[in-house]
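**Student:** Have a peek at data-v2.csv (CSV, C-alpha atoms and all ligand atoms).
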```
chain,number,residue,atom,x,y,z
O,105,MET,CA,52.1,-59.9,14.6
O,106,PHE,CA,51.8,-62.5,11.8
O,107,ASP,CA,54.6,-64.4,10.1
O,108,PHE,CA,53.2,-63.6,6.7
O,109,LEU,CA,50.7,-60.9,5.6
O,110,ILE,CA,49.2,-61.2,2.1
O,111,ILE,CA,47.4,-58.4,0.4
O,112,GLY,CA,44.7,-59.7,-2.0
O,113,GLY,CA,42.5,-62.7,-1.6
O,114,GLY,CA,42.2,-63.8,-5.2
O,115,ILE,CA,43.4,-67.2,-6.3
O,116,ILE,CA,47.0,-66.1,-6.1
O,117,GLY,CA,46.7,-64.8,-2.5
O,118,LEU,CA,44.7,-67.7,-1.4
O,119,LEU,CA,47.1,-70.4,-2.7
O,120,THR,CA,50.1,-68.5,-1.5
O,121,ALA,CA,48.5,-68.5,2.0
O,122,LYS,CA,47.9,-72.3,1.7
O,123,GLU,CA,51.6,-72.9,0.8
O,124,LEU,CA,52.8,-70.8,3.7
O,125,GLN,CA,50.3,-72.1,6.2
O,126,LYS,CA,51.5,-75.7,5.5
O,127,THR,CA,54.8,-74.8,7.2
O,128,GLY,CA,53.1,-74.0,10.5
O,129,ALA,CA,53.5,-70.2,10.0
O,130,THR,CA,50.9,-67.7,11.0
O,131,VAL,CA,49.3,-66.1,7.9
O,132,ALA,CA,46.7,-63.4,7.3
O,133,ILE,CA,45.0,-62.1,4.2
O,134,ILE,CA,43.8,-58.5,3.7
O,135,GLU,CA,41.0,-58.3,1.1
O,136,LYS,CA,39.2,-55.1,0.1
O,137,ASN,CA,36.0,-57.0,-0.9
O,138,SER,CA,35.5,-60.7,-0.2
O,139,PRO,CA,38.0,-63.4,-1.3
O,140,GLY,CA,37.9,-64.5,-4.9
O,141,GLN,CA,35.4,-61.9,-6.2
O,142,GLN,CA,37.6,-60.1,-8.8
O,143,ALA,CA,39.5,-61.6,-11.8
O,144,THR,CA,39.3,-65.0,-10.1
O,145,TRP,CA,35.5,-65.0,-10.0
O,146,ALA,CA,35.3,-63.9,-13.6
O,147,ALA,CA,37.6,-66.5,-15.0
O,148,GLY,CA,36.5,-69.4,-17.2
O,149,GLY,CA,38.7,-71.9,-15.4
O,150,ILE,CA,40.5,-73.4,-18.4
O,151,LEU,CA,43.5,-75.2,-16.9
O,152,SER,CA,45.9,-74.5,-19.8
O,153,PRO,CA,47.0,-71.4,-21.5
O,154,MET,CA,44.5,-71.1,-24.4
O,155,ARG,CA,47.3,-71.5,-27.0
O,156,PRO,CA,50.4,-72.6,-25.0
O,157,TRP,CA,52.4,-72.7,-28.3
O,158,LEU,CA,52.2,-68.8,-28.3
O,159,TYR,CA,53.6,-68.4,-24.7
O,160,SER,CA,57.2,-68.2,-23.5
O,161,SER,CA,58.7,-71.0,-21.4
O,162,PRO,CA,58.4,-69.2,-18.1
O,163,VAL,CA,54.6,-69.2,-18.5
O,164,ASN,CA,54.5,-72.8,-19.7
O,165,ALA,CA,56.8,-73.9,-16.8
O,166,ILE,CA,54.4,-72.7,-14.1
O,167,SER,CA,51.4,-73.8,-16.1
O,168,SER,CA,52.6,-77.4,-16.6
O,169,LEU,CA,53.7,-77.8,-12.9
O,170,SER,CA,50.3,-76.5,-11.8
O,171,GLN,CA,48.3,-78.7,-14.2
O,172,ARG,CA,49.9,-81.8,-12.6
O,173,VAL,CA,48.6,-80.9,-9.2
O,174,TYR,CA,45.1,-79.5,-9.9
O,175,GLN,CA,43.1,-82.7,-9.8
O,176,GLN,CA,44.5,-83.6,-6.4
O,177,LEU,CA,44.1,-80.1,-5.1
O,178,SER,CA,40.5,-80.1,-6.2
O,179,SER,CA,39.9,-83.5,-4.4
O,180,GLU,CA,41.7,-82.3,-1.3
O,181,LEU,CA,39.6,-79.2,-1.0
O,182,TYR,CA,36.3,-81.1,-1.7
O,183,GLU,CA,37.2,-83.7,1.0
O,184,GLU,CA,38.2,-81.0,3.6
O,185,THR,CA,35.4,-78.5,2.9
O,186,GLY,CA,32.5,-80.3,1.1
O,187,THR,CA,32.7,-77.6,-1.6
O,188,ASP,CA,33.5,-79.2,-5.0
O,189,PRO,CA,35.7,-77.0,-7.3
O,190,GLU,CA,34.5,-79.2,-10.1
O,191,TRP,CA,37.7,-80.2,-11.8
O,192,LEU,CA,36.7,-81.8,-15.1
O,193,LEU,CA,38.9,-83.4,-17.7
O,194,SER,CA,36.9,-82.0,-20.6
O,195,GLY,CA,39.6,-82.0,-23.3
O,196,MET,CA,39.9,-79.2,-25.8
O,197,LEU,CA,39.0,-79.1,-29.5
O,198,VAL,CA,41.0,-76.4,-31.3
O,199,LEU,CA,39.3,-75.6,-34.6
O,200,TYR,CA,41.5,-75.2,-37.6
O,201,ASP,CA,43.6,-72.1,-37.9
O,202,ASN,CA,47.0,-71.1,-39.3
O,203,GLU,CA,48.8,-72.1,-36.1
O,204,MET,CA,48.1,-75.8,-36.6
O,205,THR,CA,51.7,-76.8,-37.5
O,206,GLN,CA,53.1,-74.8,-34.6
O,207,ALA,CA,50.5,-76.2,-32.2
O,208,LEU,CA,51.2,-79.8,-33.2
O,209,ARG,CA,54.9,-79.3,-32.9
O,210,TRP,CA,54.5,-77.8,-29.4
O,211,CYS,CA,52.2,-80.6,-28.2
O,212,GLU,CA,54.6,-83.2,-29.5
O,213,GLN,CA,57.7,-81.5,-27.9
O,214,ASN,CA,55.9,-81.1,-24.6
O,215,ASP,CA,54.4,-84.6,-24.3
O,216,SER,CA,50.9,-83.2,-24.5
O,217,PRO,CA,48.6,-85.7,-26.1
O,218,VAL,CA,47.2,-84.4,-29.3
O,219,GLU,CA,45.2,-85.9,-32.3
O,220,VAL,CA,44.3,-84.4,-35.6
O,221,LEU,CA,40.6,-85.2,-36.1
O,222,PRO,CA,39.5,-85.5,-39.7
O,223,VAL,CA,36.3,-83.8,-40.9
O,224,GLY,CA,34.2,-87.0,-40.9
O,225,THR,CA,35.1,-87.9,-37.3
O,226,LEU,CA,34.5,-84.3,-36.2
O,227,ASN,CA,31.1,-84.1,-37.7
O,228,SER,CA,30.0,-87.4,-36.3
O,229,GLN,CA,31.5,-87.0,-32.8
O,230,PHE,CA,30.6,-83.3,-32.3
O,231,ARG,CA,27.2,-83.4,-33.9
O,232,HIS,CA,25.9,-80.3,-32.2
O,233,LEU,CA,28.6,-78.2,-33.7
O,234,LYS,CA,28.1,-76.5,-37.0
O,235,PRO,CA,29.3,-78.7,-39.9
O,236,LEU,CA,33.1,-78.3,-40.1
O,237,ALA,CA,35.0,-78.2,-43.3
O,238,GLN,CA,38.6,-78.5,-41.9
O,239,PRO,CA,40.3,-81.0,-39.5
O,240,ALA,CA,40.8,-79.9,-35.9
O,241,LEU,CA,43.2,-80.6,-33.1
O,242,TYR,CA,42.0,-82.5,-30.1
O,243,ARG,CA,43.9,-82.1,-26.8
O,244,SER,CA,42.7,-84.8,-24.4
O,245,ASP,CA,44.7,-83.6,-21.3
O,246,VAL,CA,43.1,-80.2,-20.9
O,247,ALA,CA,40.9,-79.8,-17.8
O,248,THR,CA,38.6,-77.1,-16.4
O,249,ILE,CA,37.6,-76.0,-12.9
O,250,LYS,CA,35.0,-73.6,-11.6
O,251,PRO,CA,37.0,-70.7,-10.3
O,252,HIS,CA,34.4,-69.3,-7.9
O,253,LYS,CA,33.9,-72.8,-6.3
O,254,LEU,CA,37.7,-73.1,-6.1
O,255,SER,CA,38.2,-69.9,-4.2
O,256,ALA,CA,35.2,-70.6,-2.0
O,257,ALA,CA,36.6,-74.0,-1.1
O,258,LEU,CA,40.1,-72.5,-0.5
O,259,THR,CA,38.7,-69.8,1.7
O,260,GLN,CA,36.8,-72.3,3.8
O,261,TYR,CA,39.9,-74.5,4.0
O,262,LEU,CA,42.2,-71.6,5.1
O,263,ILE,CA,39.8,-70.5,7.8
O,264,ALA,CA,39.6,-74.0,9.1
O,265,LYS,CA,43.5,-74.1,9.2
O,266,GLY,CA,43.6,-70.9,11.2
O,267,VAL,CA,44.5,-68.3,8.5
O,268,SER,CA,43.1,-64.9,9.5
O,269,PHE,CA,41.0,-62.9,7.0
O,270,TYR,CA,40.6,-59.1,7.1
O,271,ASN,CA,37.7,-58.9,4.7
O,272,ALA,CA,36.2,-55.6,3.4
O,273,GLN,CA,39.4,-53.9,4.5
O,274,GLU,CA,41.4,-52.0,1.9
O,275,ALA,CA,45.2,-51.9,2.3
O,276,LYS,CA,45.7,-48.1,1.9
O,277,GLN,CA,49.5,-48.2,1.9
O,278,LEU,CA,52.6,-49.9,3.3
O,279,VAL,CA,54.3,-48.3,6.2
O,280,SER,CA,58.1,-48.6,6.3
O,281,THR,CA,61.2,-47.8,8.4
O,282,GLY,CA,64.5,-47.8,6.5
O,283,GLN,CA,64.5,-51.0,4.4
O,284,SER,CA,61.8,-52.8,6.3
O,285,ILE,CA,58.0,-52.7,5.9
O,286,THR,CA,56.6,-52.4,9.3
O,287,GLY,CA,52.8,-52.6,8.6
O,288,VAL,CA,49.9,-52.3,6.3
O,289,GLN,CA,47.7,-49.2,6.8
O,290,LEU,CA,44.0,-50.1,6.9
O,291,GLU,CA,41.2,-47.5,7.3
O,292,HIS,CA,41.5,-47.5,11.1
O,293,SER,CA,44.4,-49.7,12.1
O,294,ILE,CA,47.8,-51.0,11.1
O,295,VAL,CA,48.4,-54.8,10.7
O,296,SER,CA,52.0,-56.1,11.1
O,297,ALA,CA,53.9,-59.1,10.0
O,298,SER,CA,57.5,-60.3,9.5
O,299,GLU,CA,56.9,-60.6,5.7
O,300,TYR,CA,54.5,-58.9,3.3
O,301,ILE,CA,53.3,-60.3,0.0
O,302,ILE,CA,51.4,-58.2,-2.5
O,303,CYS,CA,48.9,-60.4,-4.4
O,304,GLY,CA,46.6,-57.6,-5.5
O,305,GLY,CA,46.0,-58.7,-9.2
O,306,ALA,CA,45.5,-55.7,-11.5
O,307,TRP,CA,45.7,-53.3,-8.5
O,308,SER,CA,49.2,-54.5,-7.3
O,309,PRO,CA,51.3,-51.6,-8.7
O,310,LEU,CA,49.2,-49.2,-6.6
O,311,LEU,CA,50.6,-50.7,-3.5
O,312,ILE,CA,54.3,-50.8,-4.5
O,313,PRO,CA,56.2,-48.0,-2.6
O,314,ASP,CA,57.8,-45.3,-4.7
O,315,ALA,CA,61.3,-46.4,-3.7
O,316,CYS,CA,60.9,-49.7,-5.6
O,317,PRO,CA,61.2,-50.6,-9.3
O,318,LYS,CA,57.6,-50.6,-10.6
O,319,PRO,CA,56.2,-53.9,-12.1
O,320,ILE,CA,54.3,-53.3,-15.4
O,321,ILE,CA,50.8,-54.7,-14.6
O,322,THR,CA,47.8,-53.2,-16.2
O,323,PRO,CA,44.1,-54.2,-16.1
O,324,VAL,CA,42.6,-55.8,-19.3
O,325,LYS,CA,38.9,-56.3,-19.1
O,326,GLY,CA,37.4,-59.7,-20.1
O,327,GLN,CA,33.6,-60.2,-20.6
O,328,MET,CA,31.9,-63.6,-20.5
O,329,ILE,CA,28.4,-64.9,-21.0
O,330,CYS,CA,26.8,-68.2,-20.0
O,331,PHE,CA,23.9,-70.2,-21.5
O,332,PRO,CA,21.5,-72.1,-19.1
O,333,PRO,CA,21.8,-75.9,-18.9
O,334,THR,CA,21.0,-77.7,-22.2
O,335,ASP,CA,21.7,-81.2,-23.5
O,336,ILE,CA,23.5,-80.0,-26.5
O,337,ALA,CA,27.0,-79.5,-25.0
O,338,ASN,CA,29.2,-82.5,-25.0
O,339,GLN,CA,31.8,-82.4,-22.3
O,340,CYS,CA,34.5,-80.9,-24.6
O,341,MET,CA,35.8,-77.4,-24.6
O,342,VAL,CA,35.9,-75.8,-28.0
O,343,MET,CA,38.3,-73.0,-29.0
O,344,ASP,CA,37.9,-71.1,-32.2
O,345,GLY,CA,40.4,-68.2,-32.7
O,346,ASN,CA,40.4,-66.2,-29.5
O,347,ARG,CA,36.9,-67.3,-28.5
O,348,TYR,CA,36.0,-70.4,-26.6
O,349,ILE,CA,33.1,-72.4,-25.1
O,350,ILE,CA,33.5,-74.2,-21.8
O,351,PRO,CA,31.0,-76.9,-20.8
O,352,ARG,CA,30.1,-77.3,-17.2
O,353,LYS,CA,29.1,-80.5,-15.5
O,354,ASP,CA,25.4,-79.2,-15.2
O,355,GLY,CA,25.1,-78.6,-19.0
O,356,ARG,CA,25.8,-74.8,-18.8
O,357,MET,CA,28.0,-73.4,-21.5
O,358,VAL,CA,30.4,-70.5,-20.6
O,359,VAL,CA,31.4,-68.4,-23.6
O,360,GLY,CA,34.5,-66.1,-23.6
O,361,SER,CA,36.0,-63.7,-23.9
O,362,THR,CA,36.8,-60.1,-24.8
O,363,ARG,CA,40.0,-58.2,-24.3
O,364,GLU,CA,39.5,-54.5,-23.6
O,365,ASN,CA,41.7,-51.8,-22.3
O,366,THR,CA,39.2,-49.8,-20.2
O,367,HIS,CA,41.5,-49.0,-17.2
O,368,PHE,CA,39.7,-50.1,-14.0
O,369,ASP,CA,36.2,-50.0,-15.5
O,370,ALA,CA,34.8,-53.6,-15.2
O,371,SER,CA,31.3,-52.9,-16.5
O,372,THR,CA,29.6,-55.2,-19.0
O,373,THR,CA,28.5,-53.9,-22.4
O,374,GLN,CA,25.6,-54.9,-24.8
O,375,GLU,CA,28.1,-55.0,-27.7
O,376,ALA,CA,30.2,-57.7,-26.0
O,377,PHE,CA,27.1,-59.6,-25.0
O,378,ASN,CA,25.9,-59.7,-28.7
O,379,ASP,CA,29.4,-60.5,-30.0
O,380,LEU,CA,29.8,-63.5,-27.6
O,381,LYS,CA,26.3,-64.7,-28.1
O,382,GLY,CA,26.7,-64.5,-31.9
O,383,PHE,CA,29.9,-66.5,-31.7
O,384,ALA,CA,28.3,-69.2,-29.6
O,385,GLN,CA,25.2,-69.5,-31.8
O,386,GLN,CA,27.1,-69.8,-35.1
O,387,LEU,CA,29.3,-72.5,-33.5
O,388,TYR,CA,26.3,-74.4,-31.9
O,389,PRO,CA,23.2,-73.6,-34.1
O,390,ALA,CA,20.9,-75.1,-31.5
O,391,LEU,CA,21.7,-72.2,-29.2
O,392,ASN,CA,19.8,-69.9,-31.6
O,393,THR,CA,16.6,-70.3,-29.6
O,394,ILE,CA,18.3,-70.0,-26.2
O,395,GLU,CA,19.2,-66.7,-24.4
O,396,PRO,CA,22.3,-66.5,-22.2
O,397,ASP,CA,21.2,-66.1,-18.6
O,398,ALA,CA,24.5,-64.5,-17.2
O,399,HIS,CA,27.0,-61.9,-18.3
O,400,TRP,CA,29.9,-60.6,-16.3
O,401,ALA,CA,33.3,-59.0,-16.6
O,402,GLY,CA,36.6,-59.1,-14.8
O,403,LEU,CA,40.0,-57.3,-14.9
O,404,ARG,CA,43.0,-59.5,-15.8
O,405,PRO,CA,46.3,-58.4,-14.4
O,406,SER,CA,48.3,-58.2,-17.7
O,407,SER,CA,52.1,-58.1,-17.7
O,408,PRO,CA,54.8,-58.0,-20.4
O,409,GLN,CA,54.8,-61.4,-22.3
O,410,SER,CA,52.2,-62.5,-19.7
O,411,ILE,CA,55.0,-63.5,-17.4
O,412,PRO,CA,53.9,-62.9,-13.8
O,413,TYR,CA,56.1,-61.2,-11.2
O,414,ILE,CA,57.0,-63.7,-8.4
O,415,CYS,CA,59.8,-62.2,-6.5
O,416,ARG,CA,61.2,-60.1,-3.7
O,417,VAL,CA,60.7,-56.3,-4.1
O,418,GLU,CA,63.9,-54.4,-3.5
O,419,PRO,CA,65.1,-52.3,-1.7
O,420,PHE,CA,62.9,-53.7,1.0
O,421,ASN,CA,64.1,-56.8,2.9
O,422,ASN,CA,60.6,-58.2,3.7
O,423,LEU,CA,58.4,-57.3,0.7
O,424,SER,CA,57.4,-59.6,-2.1
O,425,LEU,CA,55.1,-59.7,-5.1
O,426,ASN,CA,53.0,-62.5,-6.7
O,427,ALA,CA,51.0,-60.8,-9.5
O,428,GLY,CA,50.6,-60.2,-13.2
O,429,HIS,CA,49.3,-63.6,-14.3
O,430,TYR,CA,47.1,-62.0,-17.1
O,431,ARG,CA,45.0,-64.7,-18.8
O,432,ASN,CA,46.6,-67.7,-17.0
O,433,GLY,CA,46.2,-66.9,-13.3
O,434,ILE,CA,44.0,-69.9,-12.6
O,435,VAL,CA,46.1,-72.5,-14.4
O,436,THR,CA,49.4,-71.1,-13.1
O,437,ALA,CA,48.4,-70.4,-9.5
O,438,PRO,CA,49.6,-73.5,-7.6
O,439,ALA,CA,53.1,-73.4,-9.0
O,440,SER,CA,53.2,-69.6,-8.6
O,441,ALA,CA,52.3,-70.0,-5.0
O,442,GLU,CA,54.9,-72.7,-4.5
O,443,LEU,CA,57.6,-70.6,-6.1
O,444,MET,CA,56.7,-67.6,-3.9
O,445,ALA,CA,56.9,-69.8,-0.8
O,446,ASP,CA,60.2,-71.2,-1.9
O,447,ILE,CA,61.6,-67.7,-2.3
O,448,LEU,CA,60.2,-66.6,1.1
O,449,LEU,CA,61.4,-69.7,2.9
O,450,ASN,CA,64.8,-69.9,1.2
O,451,ARG,CA,63.9,-73.4,-0.3
O,452,THR,CA,65.3,-74.7,-3.6
O,453,SER,CA,62.6,-74.2,-6.2
O,454,LYS,CA,61.6,-76.6,-9.0
O,455,ILE,CA,62.0,-73.8,-11.5
O,456,ASP,CA,64.4,-71.1,-12.1
O,457,PRO,CA,63.0,-67.9,-10.3
O,458,ALA,CA,65.0,-65.5,-12.5
O,459,PRO,CA,62.4,-64.9,-15.3
O,460,TYR,CA,59.8,-63.8,-12.7
O,461,LYS,CA,61.8,-60.9,-11.2
O,462,ILE,CA,60.8,-57.2,-11.6
O,463,THR,CA,64.2,-56.5,-13.1
O,464,ARG,CA,64.3,-59.4,-15.5
X,501,LIG,C1,37.0,-63.1,-18.4
X,501,LIG,C2,38.2,-63.8,-17.8
X,501,LIG,C3,38.5,-65.1,-18.1
X,501,LIG,C4,39.6,-65.7,-17.6
X,501,LIG,N1,39.8,-67.1,-17.9
X,501,LIG,C5,40.8,-67.7,-17.3
X,501,LIG,C6,41.0,-69.1,-17.6
X,501,LIG,O1,40.1,-69.8,-18.2
X,501,LIG,N2,42.1,-69.7,-17.1
X,501,LIG,C7,43.0,-69.0,-16.4
X,501,LIG,O2,44.0,-69.6,-16.0
X,501,LIG,N3,42.9,-67.7,-16.1
X,501,LIG,C8,41.8,-67.0,-16.6
X,501,LIG,N4,41.7,-65.7,-16.4
X,501,LIG,C9,42.7,-65.0,-15.7
X,501,LIG,C10,42.6,-65.1,-14.2
X,501,LIG,O3,41.3,-64.9,-13.8
X,501,LIG,C11,43.6,-64.2,-13.5
X,501,LIG,O4,44.9,-64.3,-14.0
X,501,LIG,C12,43.6,-64.5,-12.0
X,501,LIG,O5,42.3,-64.6,-11.4
X,501,LIG,C13,44.4,-63.5,-11.2
X,501,LIG,O6,44.3,-63.8,-9.8
X,501,LIG,P1,44.8,-62.7,-8.8
X,501,LIG,O7,44.6,-63.3,-7.5
X,501,LIG,O8,46.1,-62.2,-9.1
X,501,LIG,O9,43.8,-61.5,-9.0
X,501,LIG,P2,42.3,-61.2,-8.5
X,501,LIG,O10,41.5,-62.4,-8.6
X,501,LIG,O11,41.9,-59.9,-9.2
X,501,LIG,O12,42.6,-60.9,-7.0
X,501,LIG,C14,43.2,-59.8,-6.5
X,501,LIG,C15,42.6,-59.4,-5.2
X,501,LIG,O13,43.3,-58.4,-4.5
X,501,LIG,C16,42.3,-57.5,-3.9
X,501,LIG,N5,43.0,-56.2,-3.7
X,501,LIG,C17,43.5,-55.4,-4.6
X,501,LIG,N6,44.0,-54.3,-4.1
X,501,LIG,C18,43.8,-54.4,-2.7
X,501,LIG,C19,44.0,-53.6,-1.6
X,501,LIG,N7,44.6,-52.4,-1.7
X,501,LIG,N8,43.6,-54.0,-0.4
X,501,LIG,C20,43.0,-55.2,-0.2
X,501,LIG,N9,42.7,-56.0,-1.3
X,501,LIG,C21,43.1,-55.7,-2.5
X,501,LIG,C22,41.2,-57.5,-4.9
X,501,LIG,O14,40.0,-57.1,-4.3
X,501,LIG,C23,41.1,-58.9,-5.4
X,501,LIG,O15,40.3,-59.7,-4.6
X,501,LIG,C24,40.5,-65.0,-16.8
X,501,LIG,C25,40.3,-63.7,-16.5
X,501,LIG,C26,39.1,-63.1,-16.9
X,501,LIG,C27,38.8,-61.7,-16.6
```
Could you rewrite the structure in this file as structure tokens?
Ligand SMILES: Cc1cc2nc3c(=O)[nH]c(=O)nc-3n(C[C@H](O)[C@H](O)[C@H](O)COP(=O)(O)OP(=O)(O)OC[C@H]3O[C@@H](n4cnc5c(N)ncnc54)[C@H](O)[C@@H]3O)c2cc1C

**Tutor:**
Amino acid sequence: MFDFLIIGGGIIGLLTAKELQKTGATVAIIEKNSPGQQATWAAGGILSPMRPWLYSSPVNAISSLSQRVYQQLSSELYEETGTDPEWLLSGMLVLYDNEMTQALRWCEQNDSPVEVLPVGTLNSQFRHLKPLAQPALYRSDVATIKPHKLSAALTQYLIAKGVSFYNAQEAKQLVSTGQSITGVQLEHSIVSASEYIICGGAWSPLLIPDACPKPIITPVKGQMICFPPTDIANQCMVMDGNRYIIPRKDGRMVVGSTRENTHFDASTTQEAFNDLKGFAQQLYPALNTIEPDAHWAGLRPSSPQSIPYICRVEPFNNLSLNAGHYRNGIVTAPASAELMADILLNRTSKIDPAPYKITR
């Protein structure tokens, strides 16, 4: 019997486990595949909502709290495990669009460093980009991380700290008596704990018992491609409309992403490949002679207004939910995990938990 049983070993489940394990509690994670292989693996790893000025304050609250701890979290995991999650302060160039005034105002109001780079500066500093005819915003405080390295490091860290993993084991359903969950039904066994936390990403609603109000979480497919290492990328992320290019430390360039409602189909398509490749090549003309060497897709757990559910699930007295982070699950994960632990441990939280309830 564990103190806490987490269903889902994506970034949200892993960081929730880390927060709970810190208190000396016994923690286990049930994962139907291997940890960090679903949306978390597919993510670009931008440590900011792409356009924070378009998001509501509950999203920005957990995002900014998380941004403050990411560098230290990455260093801690590297030191403890030898796996480097590759936190990189790349900065973000936001090419001109009609949100410029709104974006500038948001950055100023939120103490987020921002500069308007004139055309001359842009074309000399970003010489591999296509010639630009409009000024652009430069946000120097935006960082990136490699999500699959982050989840690999976290898994190693948690195993070393004694967290139990039930890998390749699907939680079929929750077993209950009255208002208490008494176990999680796996294929051949039942695992029990004092508290149960659903961190199943896009699959989370499938595990919520009928007696509970249903969270609105639906899968939204995102496809990405990657170019092999070149010397043309400078270390700055570039965002143009809804598309972006993320530089990696080794010179690779990750290009994202699509937004598709395909239910639970996470297959890649030639159409998206061509679209993303075309976008990257018009932005960086030198990529015209280079073929992407990777293409993948993942299912984002979307939720109304992109506000995740981080709450207890009534009428049960020992069931909670931490899911629905949509496009921001990597950047918001540390603060989401901390808030979940605050709720479970009856601690005062740094942020108001009300906006993250199912019945909000
Ligand atoms: C293309 C793309 C790009 C993205 N880019 C970014 C970005 O740059 N920055 C950012 O912040 N966010 C980004 N995101 C969003 C981010 O990836 C997600 O919000 C985040 O990974 C969600 O984490 P999660 O742990 O909730 O879900 P997941 O990573 O999907 O993990 C859920 C886990 O639960 C397991 N599970 C589900 N049901 C069961 C069950 N019944 N039994 C056992 N296990 C179960 C699954 O196997 C899975 O491992 C991106 C997403 C995509 C798809």

**Student:** Calculated over all atoms listed in the file, which of the candidates O:Arg363, O:His399, O:Lys318, O:His429 has the smallest distance to ligand LIG 501 (chain X)?

**Tutor:**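 Using all atoms listed in the file, ligand LIG 501 (chain X) sits closest to O:His429.
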
**Student:** So, counting all atoms listed in the file, which residue among O:Ser255, O:Ser280, O:Thr366, O:Asn346 is closest to Phe420 of chain O?

**Tutor:**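 Closest candidate: O:Ser280.
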
**Student:** With all atoms listed in the file as the atoms that count, which of O:Asn392, O:Thr334, O:Ser216, O:Gln289 lies nearest to Met196 of chain O?

**Tutor:**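 Distance minimum relative to Met196 of chain O lands on O:Ser216.
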
**Student:** Taking only residues of chain O that have an atom at most 7 Å from an atom of ligand LIG 501 (chain X), what is each one's shortest atom pair and its distance in Å to one decimal, using only C-alpha atoms and all ligand atoms, in chain and number order, as a Markdown table?

**Tutor:**
```
| residue | atom | partner | partner_atom | distance |
| --- | --- | --- | --- | --- |
| O:Ile111 | CA | X:LIG501 | C20 | 5.5 |
| O:Gly112 | CA | X:LIG501 | O13 | 3.1 |
| O:Gly113 | CA | X:LIG501 | O15 | 4.8 |
| O:Gly114 | CA | X:LIG501 | O7 | 3.4 |
| O:Ile115 | CA | X:LIG501 | O7 | 4.3 |
| O:Ile116 | CA | X:LIG501 | O7 | 3.9 |
| O:Gly117 | CA | X:LIG501 | O7 | 5.6 |
| O:Ile134 | CA | X:LIG501 | C20 | 5.2 |
| O:Glu135 | CA | X:LIG501 | N9 | 3.7 |
| O:Lys136 | CA | X:LIG501 | C20 | 3.8 |
| O:Asn137 | CA | X:LIG501 | O14 | 5.3 |
| O:Ser138 | CA | X:LIG501 | O15 | 6.6 |
| O:Pro139 | CA | X:LIG501 | O15 | 5.5 |
| O:Gly140 | CA | X:LIG501 | O15 | 5.4 |
| O:Gln141 | CA | X:LIG501 | O15 | 5.6 |
| O:Gln142 | CA | X:LIG501 | O11 | 4.3 |
| O:Ala143 | CA | X:LIG501 | O10 | 3.9 |
| O:Thr144 | CA | X:LIG501 | O5 | 3.3 |
| O:Trp145 | CA | X:LIG501 | O10 | 6.7 |
| O:Ala146 | CA | X:LIG501 | C26 | 5.1 |
| O:Ala147 | CA | X:LIG501 | C4 | 3.4 |
| O:Gly148 | CA | X:LIG501 | O1 | 3.8 |
| O:Gly149 | CA | X:LIG501 | O1 | 3.8 |
| O:Ile150 | CA | X:LIG501 | O1 | 3.6 |
| O:Leu151 | CA | X:LIG501 | N2 | 5.7 |
| O:Ser152 | CA | X:LIG501 | O2 | 6.5 |
| O:Pro153 | CA | X:LIG501 | O2 | 6.5 |
| O:Gln273 | CA | X:LIG501 | C20 | 6.1 |
| O:Glu274 | CA | X:LIG501 | N8 | 3.8 |
| O:Ala275 | CA | X:LIG501 | N8 | 3.8 |
| O:Lys276 | CA | X:LIG501 | N7 | 5.7 |
| O:Cys303 | CA | X:LIG501 | O8 | 5.8 |
| O:Gly304 | CA | X:LIG501 | O13 | 3.5 |
| O:Gly305 | CA | X:LIG501 | O8 | 3.5 |
| O:Ala306 | CA | X:LIG501 | O11 | 6.0 |
| O:Trp307 | CA | X:LIG501 | N6 | 4.8 |
| O:Ser308 | CA | X:LIG501 | N6 | 6.1 |
| O:Leu311 | CA | X:LIG501 | N7 | 6.5 |
| O:Lys325 | CA | X:LIG501 | C27 | 6.0 |
| O:Gly326 | CA | X:LIG501 | C1 | 3.8 |
| O:Gln327 | CA | X:LIG501 | C1 | 5.0 |
| O:Met328 | CA | X:LIG501 | C1 | 5.5 |
| O:Gly360 | CA | X:LIG501 | C1 | 6.5 |
| O:Ser361 | CA | X:LIG501 | C1 | 5.6 |
| O:Ala401 | CA | X:LIG501 | C1 | 5.8 |
| O:Gly402 | CA | X:LIG501 | C27 | 3.9 |
| O:Leu403 | CA | X:LIG501 | C27 | 4.9 |
| O:Arg404 | CA | X:LIG501 | C27 | 4.8 |
| O:Pro405 | CA | X:LIG501 | O4 | 6.1 |
| O:Ala427 | CA | X:LIG501 | O8 | 5.1 |
| O:Gly428 | CA | X:LIG501 | O8 | 6.4 |
| O:His429 | CA | X:LIG501 | O4 | 4.5 |
| O:Tyr430 | CA | X:LIG501 | O4 | 4.4 |
| O:Arg431 | CA | X:LIG501 | C9 | 3.9 |
| O:Asn432 | CA | X:LIG501 | O2 | 3.4 |
| O:Gly433 | CA | X:LIG501 | O4 | 3.0 |
| O:Ile434 | CA | X:LIG501 | O2 | 3.4 |
| O:Val435 | CA | X:LIG501 | O2 | 3.9 |
| O:Thr436 | CA | X:LIG501 | O2 | 6.3 |
```

**Student:** Tell me, in Å to one decimal, how far atom CA of Thr362 of chain O is from atom CA of Ile349 of chain O.

**Tutor:**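 For atom CA of Thr362 of chain O relative to atom CA of Ile349 of chain O, the distance reads 12.8 Å.
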